[in-house]
$ cat final36.txt   # compact mmCIF, C-alpha atoms
# COMPACT_ATOMS: atom_id res chain seq x y z
CA MET B 1 138.53 130.75 100.40
CA ARG B 2 135.71 132.49 98.59
CA ARG B 3 135.39 129.88 95.87
CA PRO B 4 134.09 127.15 98.21
CA ILE B 5 131.27 129.49 99.24
CA LEU B 6 130.29 129.95 95.61
CA TRP B 7 130.37 126.21 94.96
CA PHE B 8 128.31 125.62 98.08
CA ALA B 9 125.75 128.14 96.83
CA LEU B 10 125.52 126.51 93.41
CA LEU B 11 125.36 123.03 94.89
CA SER B 12 122.61 124.06 97.31
CA GLY B 13 120.63 125.62 94.47
CA ALA B 14 121.03 122.53 92.30
CA LEU B 15 120.00 120.25 95.14
CA GLY B 16 117.01 122.45 95.80
CA LEU B 17 115.92 122.23 92.18
CA VAL B 18 116.38 118.47 92.00
CA TRP B 19 114.52 117.97 95.26
CA GLY B 20 111.88 120.39 94.09
CA CYS B 21 111.28 118.44 90.89
CA ALA B 22 110.99 115.26 92.88
CA GLY B 23 108.60 117.01 95.22
CA MET B 24 106.28 117.88 92.31
CA ASP B 25 105.32 114.20 92.42
CA VAL B 26 106.01 113.74 96.07
CA GLY B 27 104.23 110.42 96.07
CA SER B 28 106.34 108.87 93.35
CA VAL B 29 108.90 107.65 95.84
CA ALA B 30 106.15 106.15 97.98
CA SER B 31 104.56 104.80 94.81
CA ILE B 32 107.75 103.01 93.78
CA ALA B 33 108.07 101.56 97.27
CA VAL B 34 104.45 100.38 97.18
CA LYS B 35 104.88 98.84 93.72
CA THR B 36 108.04 97.05 94.79
CA THR B 37 106.26 95.67 97.83
CA ALA B 38 103.29 94.71 95.63
CA LYS B 39 105.55 92.79 93.23
CA ALA B 40 107.04 90.87 96.12
CA ALA B 41 103.59 90.07 97.48
CA GLN B 42 102.14 89.17 94.06
CA ALA B 43 103.01 85.52 94.52
CA SER B 44 100.08 85.12 96.90
CA ARG B 45 97.93 88.19 96.37
CA PRO B 46 94.12 88.00 96.19
CA ILE B 47 92.10 89.16 93.16
CA ASN B 48 92.16 92.96 93.19
CA ASP B 49 89.27 95.38 92.61
CA SER B 50 89.99 96.02 88.92
CA GLU B 51 90.35 92.29 88.17
CA GLU B 52 87.07 91.70 89.99
CA TYR B 53 85.54 94.36 87.74
CA TYR B 54 86.71 92.69 84.50
CA ILE B 55 85.49 89.29 85.69
CA GLY B 56 82.12 90.86 86.57
CA ARG B 57 81.82 92.48 83.14
CA ALA B 58 82.38 89.15 81.43
CA VAL B 59 79.91 87.34 83.71
CA ALA B 60 77.35 90.08 82.94
CA ALA B 61 78.05 89.70 79.20
CA ARG B 62 77.43 85.96 79.49
CA ILE B 63 74.15 86.50 81.34
CA LEU B 64 73.10 89.04 78.71
CA GLY B 65 74.04 86.53 76.02
CA SER B 66 71.00 84.47 77.00
CA ASN B 67 68.69 87.02 78.65
CA ARG B 68 67.04 90.06 77.14
CA LEU B 69 67.85 93.40 78.73
CA CYS B 70 64.79 95.48 79.58
CA THR B 71 64.88 98.78 77.70
CA ASP B 72 62.22 100.53 79.80
CA GLN B 73 64.15 103.66 80.87
CA GLU B 74 61.68 104.64 83.60
CA LEU B 75 61.85 101.21 85.25
CA THR B 76 65.66 101.04 84.87
CA LEU B 77 66.04 104.49 86.44
CA TYR B 78 63.77 103.52 89.35
CA VAL B 79 65.64 100.25 90.02
CA ASN B 80 68.94 102.16 89.89
CA GLU B 81 67.65 104.79 92.33
CA VAL B 82 66.50 102.15 94.82
CA GLY B 83 69.73 100.20 94.26
CA GLN B 84 71.99 103.22 94.79
CA ALA B 85 70.03 104.27 97.91
CA VAL B 86 70.72 100.82 99.31
CA ALA B 87 74.31 100.28 98.05
CA ARG B 88 75.62 103.49 99.59
CA LYS B 89 74.50 102.22 103.01
CA SER B 90 75.97 98.75 102.55
CA SER B 91 79.20 97.43 104.05
CA ARG B 92 80.86 98.07 100.66
CA PRO B 93 79.47 101.35 99.35
CA ASN B 94 82.05 101.70 96.57
CA THR B 95 83.52 99.32 94.06
CA TYR B 96 86.09 99.89 91.30
CA ARG B 97 83.51 101.28 88.84
CA GLY B 98 80.51 101.55 91.13
CA TYR B 99 77.20 99.69 91.28
CA HIS B 100 74.92 99.41 88.24
CA PHE B 101 71.45 97.90 88.28
CA ALA B 102 69.53 96.53 85.31
CA VAL B 103 66.30 94.66 84.64
CA LEU B 104 66.13 91.41 82.67
CA ASP B 105 63.04 90.99 80.56
CA THR B 106 61.87 87.61 81.83
CA SER B 107 58.92 86.53 83.94
CA GLU B 108 60.98 84.03 85.92
CA PRO B 109 61.74 85.56 89.34
CA ASN B 110 65.50 85.83 89.84
CA ALA B 111 68.39 88.19 90.56
CA PHE B 112 72.14 87.98 89.92
CA ALA B 113 75.07 89.86 91.43
CA CYS B 114 78.06 90.00 89.12
CA PRO B 115 81.39 90.66 90.85
CA GLY B 116 82.38 94.30 90.84
CA GLY B 117 78.92 95.82 90.98
CA ILE B 118 76.56 94.90 88.10
CA ILE B 119 73.28 93.60 89.51
CA PHE B 120 70.45 92.12 87.46
CA VAL B 121 66.90 91.68 88.70
CA THR B 122 64.24 90.09 86.54
CA ARG B 123 60.91 91.66 85.74
CA GLY B 124 59.34 88.53 87.30
CA LEU B 125 61.00 89.18 90.67
CA ILE B 126 60.00 92.86 90.62
CA GLN B 127 56.42 91.72 89.94
CA THR B 128 56.65 89.43 92.98
CA CYS B 129 57.49 92.47 95.14
CA ALA B 130 54.55 94.40 96.56
CA SER B 131 56.46 97.52 97.51
CA GLU B 132 59.63 99.55 97.04
CA ASP B 133 60.87 98.23 100.39
CA GLU B 134 60.63 94.64 99.15
CA LEU B 135 62.52 95.55 95.96
CA ALA B 136 65.12 97.27 98.16
CA ALA B 137 65.40 94.02 100.15
CA VAL B 138 66.16 92.07 96.94
CA LEU B 139 68.81 94.58 95.85
CA ALA B 140 70.33 94.78 99.36
CA HIS B 141 70.69 90.99 99.35
CA GLU B 142 72.47 91.09 95.98
CA VAL B 143 74.71 93.99 97.10
CA GLY B 144 75.54 91.77 100.09
CA HIS B 145 76.90 89.08 97.74
CA ILE B 146 79.15 91.69 96.10
CA ALA B 147 80.20 93.19 99.44
CA ASN B 148 81.07 89.71 100.74
CA LYS B 149 82.83 88.88 97.42
CA ASP B 150 80.86 85.65 97.13
CA GLY B 151 81.12 85.57 93.33
CA ILE B 152 84.87 86.15 93.32
CA ASN B 153 85.34 83.57 96.07
CA SER B 154 83.76 80.94 93.84
CA ILE B 155 86.79 81.05 91.53
CA SER B 156 88.79 77.95 92.28
CA GLN B 157 91.92 78.57 94.32
CA ALA B 158 93.89 76.28 92.01
CA ARG B 159 92.91 78.40 89.00
CA TRP B 160 93.92 81.64 90.70
CA THR B 161 97.25 80.14 91.77
CA GLU B 162 97.80 79.24 88.12
CA VAL B 163 97.02 82.85 87.12
CA LEU B 164 99.70 84.10 89.51
CA THR B 165 102.18 81.54 88.24
CA THR B 166 101.42 82.56 84.66
CA LEU B 167 101.91 86.22 85.53
CA GLY B 168 105.35 85.35 86.84
CA THR B 169 106.33 83.76 83.55
CA GLU B 170 104.61 86.12 81.15
CA THR B 171 105.47 89.51 82.56
CA ALA B 172 107.76 90.32 79.64
CA LYS B 173 105.36 89.00 77.00
CA GLN B 174 102.48 90.62 75.20
CA TYR B 175 99.62 88.45 76.29
CA ALA B 176 96.86 90.11 74.28
CA GLY B 177 96.70 87.26 71.75
CA ALA B 178 93.57 85.15 71.68
CA GLY B 179 95.49 82.01 72.55
CA GLY B 180 97.15 83.36 75.68
CA GLN B 181 97.18 81.27 78.81
CA LEU B 182 95.74 84.17 80.78
CA ILE B 183 92.73 84.37 78.51
CA SER B 184 92.02 80.67 79.10
CA LEU B 185 92.34 81.20 82.83
CA PHE B 186 90.06 84.25 82.60
CA GLU B 187 87.56 82.11 80.70
CA GLY B 188 87.74 79.44 83.41
CA SER B 189 87.20 82.03 86.11
CA ILE B 190 84.09 83.32 84.33
CA ASP B 191 82.81 79.72 84.18
CA ASP B 192 83.39 79.28 87.92
CA VAL B 193 81.45 82.43 88.79
CA PHE B 194 78.68 81.87 86.22
CA LYS B 195 78.06 78.30 87.41
CA THR B 196 77.84 79.48 91.00
CA ILE B 197 75.53 82.45 90.54
CA VAL B 198 73.32 81.12 87.73
CA VAL B 199 73.39 77.31 87.90
CA ASN B 200 74.33 75.95 91.33
CA GLY B 201 73.93 78.89 93.71
CA TYR B 202 76.10 80.10 96.56
CA SER B 203 76.62 78.12 99.74
CA ARG B 204 73.95 78.21 102.43
CA THR B 205 76.35 80.20 104.62
CA ALA B 206 76.86 82.82 101.90
CA GLU B 207 73.09 83.16 101.39
CA GLU B 208 72.46 83.58 105.09
CA ALA B 209 75.23 86.20 105.31
CA ALA B 210 73.68 88.08 102.35
CA ASP B 211 70.26 87.99 104.08
CA THR B 212 71.76 89.37 107.30
CA HIS B 213 73.60 92.01 105.28
CA ALA B 214 70.32 92.94 103.55
CA VAL B 215 68.49 93.50 106.85
CA THR B 216 71.33 95.66 108.23
CA THR B 217 71.51 97.66 105.00
CA LEU B 218 67.74 98.18 104.89
CA ARG B 219 67.88 99.55 108.45
CA ARG B 220 70.76 101.92 107.60
CA ALA B 221 69.06 103.13 104.42
CA GLY B 222 65.77 103.85 106.15
CA TYR B 223 63.74 101.01 104.59
CA ASP B 224 61.51 98.62 106.52
CA THR B 225 63.71 95.84 107.94
CA GLY B 226 60.75 93.48 107.73
CA ALA B 227 60.60 93.84 103.93
CA LEU B 228 62.83 90.82 103.30
CA SER B 229 60.72 88.51 105.46
CA SER B 230 57.49 89.73 103.84
CA LEU B 231 58.98 89.05 100.39
CA LEU B 232 60.26 85.62 101.43
CA THR B 233 56.79 84.75 102.72
CA LYS B 234 55.37 85.44 99.24
CA MET B 235 58.18 83.49 97.61
CA MET B 236 57.59 80.52 99.90
CA ALA B 237 54.04 80.24 98.63
CA LYS B 238 55.31 80.19 95.02
CA GLU B 239 58.13 77.77 95.84
CA LYS B 240 55.65 74.93 96.19
CA GLY B 241 54.92 75.25 92.49
CA GLY B 242 58.42 74.26 91.37
CA ALA B 243 62.11 74.19 92.13
CA ALA B 244 63.59 76.15 89.25
CA GLY B 245 65.41 79.48 88.99
CA ILE B 246 65.86 81.33 92.25
CA TYR B 247 64.44 78.41 94.25
CA LYS B 248 67.03 76.05 92.81
CA THR B 249 69.97 78.33 93.55
CA HIS B 250 68.89 79.37 97.06
CA PRO B 251 68.37 77.44 100.33
CA PRO B 252 64.74 76.51 101.19
CA THR B 253 62.82 79.77 101.60
CA GLY B 254 61.25 78.59 104.89
CA ASP B 255 64.70 78.18 106.46
CA ARG B 256 65.76 81.65 105.26
CA LEU B 257 62.53 83.17 106.50
CA ALA B 258 62.95 81.85 110.05
CA LYS B 259 66.41 83.44 110.32
CA VAL B 260 65.44 86.72 108.64
CA LYS B 261 62.38 87.18 110.89
CA THR B 262 64.68 87.17 113.89
CA ALA B 263 67.14 89.62 112.32
CA GLY B 264 64.58 92.06 110.92
CA PRO B 265 61.09 91.68 112.41
CA GLY B 266 59.84 94.95 110.85
CA GLY B 267 57.00 97.11 112.08
CA ALA B 268 53.77 98.77 111.05
CA PRO B 269 54.11 100.75 107.81
CA ASP B 270 54.73 104.46 108.42
CA LYS B 271 53.64 107.41 106.29
CA MET B 272 56.87 107.48 104.27
CA GLU B 273 56.64 103.78 103.49
CA GLU B 274 53.24 104.45 102.00
CA VAL B 275 54.80 107.19 99.83
CA ARG B 276 57.44 104.71 98.63
CA THR B 277 54.85 102.00 97.97
CA LYS B 278 52.77 104.46 95.97
CA ARG B 279 55.68 105.35 93.69
CA PHE B 280 56.47 101.65 93.26
CA GLN B 281 52.87 100.89 92.31
CA SER B 282 52.83 103.75 89.80
CA LEU B 283 55.41 101.91 87.68
CA LYS B 284 54.37 99.83 84.72
CA ILE B 285 56.12 96.55 85.42
CA MET G 1 132.82 147.08 109.65
CA LYS G 2 129.10 147.29 110.39
CA ALA G 3 127.28 144.19 111.57
CA THR G 4 125.04 144.23 108.47
CA ALA G 5 127.83 144.73 105.96
CA TRP G 6 127.86 141.01 105.06
CA LEU G 7 124.35 141.40 103.65
CA LYS G 8 125.72 143.54 100.86
CA ARG G 9 127.95 140.74 99.55
CA PRO G 10 126.33 139.02 96.55
CA ARG G 11 127.88 135.62 97.26
CA VAL G 12 126.25 135.54 100.67
CA TRP G 13 122.94 136.16 98.98
CA LEU G 14 123.66 133.26 96.63
CA VAL G 15 124.27 131.01 99.62
CA LEU G 16 121.01 132.15 101.24
CA LEU G 17 119.11 131.69 97.99
CA GLY G 18 120.48 128.18 97.61
CA LEU G 19 119.49 127.27 101.15
CA ALA G 20 116.04 128.74 100.64
CA ALA G 21 115.58 126.66 97.47
CA LEU G 22 116.76 123.59 99.34
CA LEU G 23 114.30 124.09 102.19
CA CYS G 24 111.25 125.40 100.36
CA ALA G 25 111.21 123.67 96.99
CA PRO G 26 109.67 120.36 98.10
CA GLY G 27 107.00 122.08 100.13
CA LEU G 28 105.97 124.38 97.32
CA ALA G 29 106.06 121.77 94.60
CA GLY G 30 104.25 119.18 96.77
CA ALA G 31 101.07 121.28 97.10
CA GLU G 32 99.01 119.60 94.34
CA THR G 33 95.34 120.16 93.72
CA LEU G 34 93.28 117.70 91.69
CA LYS G 35 89.73 117.89 90.39
CA VAL G 36 87.39 114.93 90.92
CA THR G 37 86.06 113.97 87.49
CA GLN G 38 83.93 110.95 88.45
CA GLY G 39 80.65 110.89 90.36
CA ASN G 40 79.83 108.92 93.54
CA GLN G 41 83.29 109.26 95.12
CA SER G 42 84.17 109.20 98.81
CA LEU G 43 87.05 109.69 101.22
CA HIS G 44 88.12 106.46 102.92
CA ALA G 45 89.88 106.01 106.24
CA ASP G 46 92.29 103.51 104.68
CA PRO G 47 93.54 103.04 101.10
CA ASN G 48 90.90 100.44 100.19
CA PHE G 49 87.18 100.33 99.39
CA SER G 50 86.12 98.35 102.47
CA GLY G 51 84.59 100.10 105.46
CA THR G 52 82.25 103.04 105.71
CA PRO G 53 83.56 106.12 103.87
CA ILE G 54 84.46 109.23 105.88
CA ALA G 55 82.70 111.72 103.60
CA PRO G 56 81.37 112.00 100.05
CA VAL G 57 83.35 114.00 97.48
CA PRO G 58 81.14 115.38 94.70
CA GLN G 59 82.10 115.41 91.03
CA GLY G 60 83.96 118.64 90.23
CA ALA G 61 85.34 119.07 93.76
CA GLU G 62 88.97 120.14 94.10
CA VAL G 63 91.06 118.25 96.65
CA ASN G 64 94.56 118.86 98.01
CA VAL G 65 96.87 115.91 97.61
CA VAL G 66 98.83 115.12 100.77
CA THR G 67 100.59 112.04 99.47
CA LYS G 68 100.24 109.25 96.92
CA ALA G 69 100.69 105.53 97.48
CA GLY G 70 100.15 103.35 94.44
CA ASP G 71 96.56 103.70 93.20
CA TRP G 72 95.46 105.65 96.26
CA TYR G 73 95.86 109.36 97.00
CA LYS G 74 95.66 110.78 100.51
CA VAL G 75 93.80 114.06 100.14
CA GLU G 76 92.26 116.91 102.10
CA TYR G 77 88.74 118.05 101.31
CA GLN G 78 86.60 120.42 103.38
CA GLY G 79 88.48 119.77 106.60
CA ASN G 80 88.52 115.98 106.16
CA THR G 81 91.62 113.98 105.33
CA GLY G 82 91.23 110.56 103.75
CA TRP G 83 92.14 108.27 100.87
CA ILE G 84 90.60 108.39 97.42
CA HIS G 85 91.24 106.00 94.52
CA ARG G 86 92.97 107.55 91.51
CA GLN G 87 90.07 106.46 89.28
CA ALA G 88 88.23 109.49 90.76
CA PHE G 89 90.49 111.75 88.70
CA THR G 90 90.45 109.90 85.36
CA GLN G 91 89.03 111.66 82.35
CA ALA G 92 85.88 110.08 80.93
CA GLN G 93 86.19 109.09 77.31
CA ALA G 94 83.46 110.21 74.95
CA PRO G 95 81.51 107.22 73.69
CA LYS G 96 81.92 106.50 70.00
CA PHE G 97 78.75 105.61 68.19
CA GLY G 98 78.70 103.50 65.09
CA LEU G 99 77.32 100.27 63.68
CA PRO G 100 80.24 98.06 64.78
CA SER G 101 80.09 99.32 68.37
CA MET G 102 76.31 98.90 68.45
CA LEU G 103 76.58 95.33 67.22
CA PHE G 104 79.66 94.15 69.04
CA GLY G 105 80.12 96.66 71.85
CA GLY G 106 82.51 99.56 72.10
CA GLY G 107 86.21 99.16 72.54
CA VAL G 108 87.47 97.60 75.72
CA LYS G 109 87.42 100.23 78.44
CA GLU G 110 90.60 101.76 79.81
CA THR G 111 92.58 102.12 76.65
CA LYS G 112 94.79 104.83 78.12
CA SER G 113 98.20 103.52 79.04
CA ASP G 114 98.05 104.87 82.60
CA GLU G 115 94.74 103.14 83.18
CA VAL G 116 96.14 99.90 81.83
CA ALA G 117 98.92 100.23 84.37
CA LEU G 118 96.28 100.98 86.99
CA ALA G 119 94.54 97.71 86.33
CA GLY G 120 97.77 95.89 87.08
CA LYS G 121 99.07 92.80 85.41
CA GLY G 122 96.40 90.18 85.78
CA PHE G 123 92.90 90.23 84.35
CA THR G 124 93.27 93.46 82.38
CA PRO G 125 91.53 95.17 79.44
CA GLU G 126 93.86 93.23 77.13
CA VAL G 127 92.71 89.93 78.61
CA GLU G 128 89.08 91.03 78.20
CA ALA G 129 89.83 91.92 74.56
CA GLY G 130 91.22 88.44 73.96
CA TYR G 131 88.22 86.85 75.66
CA ARG G 132 85.85 88.91 73.51
CA GLN G 133 87.62 87.80 70.34
CA LYS G 134 87.20 84.21 71.43
CA HIS G 135 83.55 84.67 72.46
CA PRO G 136 81.77 87.01 70.07
CA GLU G 137 78.44 85.67 71.39
CA MET G 138 78.96 87.51 74.71
CA ASN G 139 76.96 90.69 74.83
CA PHE G 140 79.51 93.29 75.92
CA ALA G 141 77.60 96.00 74.03
CA GLN G 142 74.78 95.72 76.55
CA VAL G 143 77.21 95.55 79.47
CA ASP G 144 78.55 98.94 78.32
CA GLN G 145 74.95 100.13 78.12
CA VAL G 146 74.27 98.98 81.71
CA GLU G 147 77.45 100.66 82.97
CA GLY G 148 76.68 103.81 81.01
CA PHE G 149 73.35 104.28 82.80
CA LYS G 150 74.04 106.98 85.39
CA VAL G 151 71.84 108.28 88.16
CA ASP G 152 72.31 112.00 88.59
CA ASP G 153 73.45 112.83 92.15
CA ALA G 154 70.82 115.57 92.59
CA LYS G 155 68.07 113.24 91.33
CA LEU G 156 69.16 110.52 93.72
CA GLN G 157 69.12 112.93 96.66
CA ALA G 158 65.61 114.06 95.70
CA PHE G 159 64.50 110.40 95.43
CA ILE G 160 65.94 109.65 98.88
CA LYS G 161 64.30 112.73 100.42
CA GLU G 162 60.91 112.05 98.83
CA GLY G 163 60.93 108.49 100.19
CA GLY G 164 61.97 109.53 103.71
CA LEU G 165 65.19 107.51 103.39
CA GLN G 166 68.53 108.12 105.05
CA PRO G 167 70.61 110.73 103.15

$ encode --input "final36.txt" --output "structure tokens"
Amino acid sequence: MRRPILWFALLSGALGLVWGCAGMDVGSVASIAVKTTAKAAQASRPINDSEEYYIGRAVAARILGSNRLCTDQELTLYVNEVGQAVARKSSRPNTYRGYHFAVLDTSEPNAFACPGGIIFVTRGLIQTCASEDELAAVLAHEVGHIANKDGINSISQARWTEVLTTLGTETAKQYAGAGGQLISLFEGSIDDVFKTIVVNGYSRTAEEAADTHAVTTLRRAGYDTGALSSLLTKMMAKEKGGAAGIYKTHPPTGDRLAKVKTAGPGGAPDKMEEVRTKRFQSLKI
Amino acid sequence: MKATAWLKRPRVWLVLLGLAALLCAPGLAGAETLKVTQGNQSLHADPNFSGTPIAPVPQGAEVNVVTKAGDWYKVEYQGNTGWIHRQAFTQAQAPKFGLPSMLFGGGVKETKSDEVALAGKGFTPEVEAGYRQKHPEMNFAQVDQVEGFKVDDAKLQAFIKEGGLQP
């Protein structure tokens, strides 16, 4: 009768050790369950955060293929500081690899939001701004496009469905080769996003949503909510001169201005706004 | 026989030890502490990046892992419990300088096998590598440069304070 007690003791100890080892990575069981569920849902899943990041990197690389990156460290740091102050108060404060802001060395006023968090603003658009608050308005608008996933949403549904179908057939293959179907689909996705953000522009609805997002973000960050309307007023005056660049890819500035004025009327500049404007004006742009 | 005589029997102790191991092992082994290696991280109410974060978690902070679910870890930090993406704990790779990387960009990011798994099967670092081979005219070197530009947390806080902005 004593032997069963001994076996029970050994069995209990063994079970304890096995359970203990499993407990060292207590989430692995949950992880397996999540992965299994994810596989089942893959057939119709949306583009995830890391995929958005890789698409954004390639779109940024394409933009930098035809635009010169500004190497002024002081200006780049300043734009990043304003951008980060705004992004952290946006509706999407974090992305897969965070937000990064850079200046393009061109006099044409424009700004581009690459999916995942890389935002470009041209030297020309910074020169159009009269204050830090107006620059913050530009960056808050671009962050809005990323938060609303406007770039990613411009990838054709048919193309993404094809990606998912390809994933189903190529899971066991090494698809790193240059001729892989996925690479072609990746290439097509980059084209979709690039054409939208650089050539054709987002829809009017997306632009209005980004403007609304910008006003809300400016308010949360402590910037003047009227900064976007004051910038748009300046841009409207320049719009009459031509319909290229930012004017071609955005709805008529007058229409945007009317809506933005209602959302963020702004107020008289306070002491701190003057401090911000002073540091903006001290930059060599 | 005294009431405590059974305590002197070694086999009884073995049984008790076994039961103790059975009950305590998962609890002891499950208490995992991880160090946040990346800057600009936050606790989230749900395991996704949408929504306003619960609280910031600075680089170097140590968090207690409550549970893991895929790419997201539920953690405790300074009295707050929330979700943090596993990228917060990845080790940064030292940049390699050299003529080829200056001309054509560094290697595709996320070369570690666990990070490749993290990206999932879809548009991954391997797909980017294939795309780069096909399009050498794309300036990935400068994309790496843009992503490599970091704003120091302390500097950003000072910038925010100086401008009377919301911390």

$ residues_near_point --input "final36.txt" --point "(88.7, 113.4, 107.5)" --cutoff "9 Å" --atoms "all atoms listed in the file" --output "PDB file with C-alpha atoms, in the coordinates of the input"
ATOM      1  CA  LEU G  43      87.050 109.690 101.220  1.00  0.00           C
ATOM      2  CA  HIS G  44      88.120 106.460 102.920  1.00  0.00           C
ATOM      3  CA  ALA G  45      89.880 106.010 106.240  1.00  0.00           C
ATOM      4  CA  ILE G  54      84.460 109.230 105.880  1.00  0.00           C
ATOM      5  CA  ALA G  55      82.700 111.720 103.600  1.00  0.00           C
ATOM      6  CA  VAL G  75      93.800 114.060 100.140  1.00  0.00           C
ATOM      7  CA  GLU G  76      92.260 116.910 102.100  1.00  0.00           C
ATOM      8  CA  TYR G  77      88.740 118.050 101.310  1.00  0.00           C
ATOM      9  CA  GLN G  78      86.600 120.420 103.380  1.00  0.00           C
ATOM     10  CA  GLY G  79      88.480 119.770 106.600  1.00  0.00           C
ATOM     11  CA  ASN G  80      88.520 115.980 106.160  1.00  0.00           C
ATOM     12  CA  THR G  81      91.620 113.980 105.330  1.00  0.00           C
ATOM     13  CA  GLY G  82      91.230 110.560 103.750  1.00  0.00           C
TER      14      GLY G  82
END

$ residues_around --input "final36.txt" --residues "Ser42 in chain G" --least-positions-apart "4" --cutoff "9 Å" --atoms "all atoms listed in the file" --output "list of chain:residue names"
B:Asn94, G:Pro53, G:Ile54, G:Ala55, G:Pro56, G:Val57, G:Pro58, G:Gly82, G:Trp83, G:Ile84, G:His85

$ atom_distance --input "final36.txt" --atom1 "CA of Gln133 in chain G" --atom2 "CA of Thr71 in chain B"
26.3 Å

$ atom_distance --input "final36.txt" --atom1 "CA of Phe159 in chain G" --atom2 "CA of Glu81 in chain B"
7.1 Å

$ closest_residue --input "final36.txt" --among "G:Gly148, G:Gly130, G:Pro136, G:Pro167" --to "chain B" --atoms "all atoms listed in the file"
G:Gly130

$ closest_residue --input "final36.txt" --among "B:Leu139, B:Ala237, B:Leu182, B:Leu125" --to "Pro125 in chain G" --atoms "all atoms listed in the file"
B:Leu182

$ closest_residue --input "final36.txt" --among "B:Thr95, B:Gln181, B:Thr217, B:Ser44" --to "chain G" --atoms "only C-alpha atoms"
B:Thr95

$ residues_around --input "final36.txt" --residues "Val151 in chain G" --least-positions-apart "5" --cutoff "9 Å" --atoms "all atoms listed in the file" --output "PyMOL selection string"
(chain B and resi 77+80-81+84) or (chain G and resi 156)

$ atom_distance --input "final36.txt" --atom1 "CA of Gln157 in chain G" --atom2 "CA of Leu228 in chain B"
23.9 Å

$ closest_residue --input "final36.txt" --among "G:Tyr131, G:Gly60, G:Thr33, G:Gln38" --to "Lys150 in chain G" --atoms "all atoms listed in the file"
G:Gln38

$ residues_around --input "final36.txt" --residues "Ile55 in chain B" --least-positions-apart "4" --cutoff "8 Å" --atoms "all atoms listed in the file" --output "ChimeraX atom specification"
/B:51,59,115-116,186,189-190 /G:123

$ closest_residue --input "final36.txt" --among "G:Ala141, G:Val36, G:Leu165, G:Val65" --to "chain B" --atoms "only C-alpha atoms"
G:Leu165
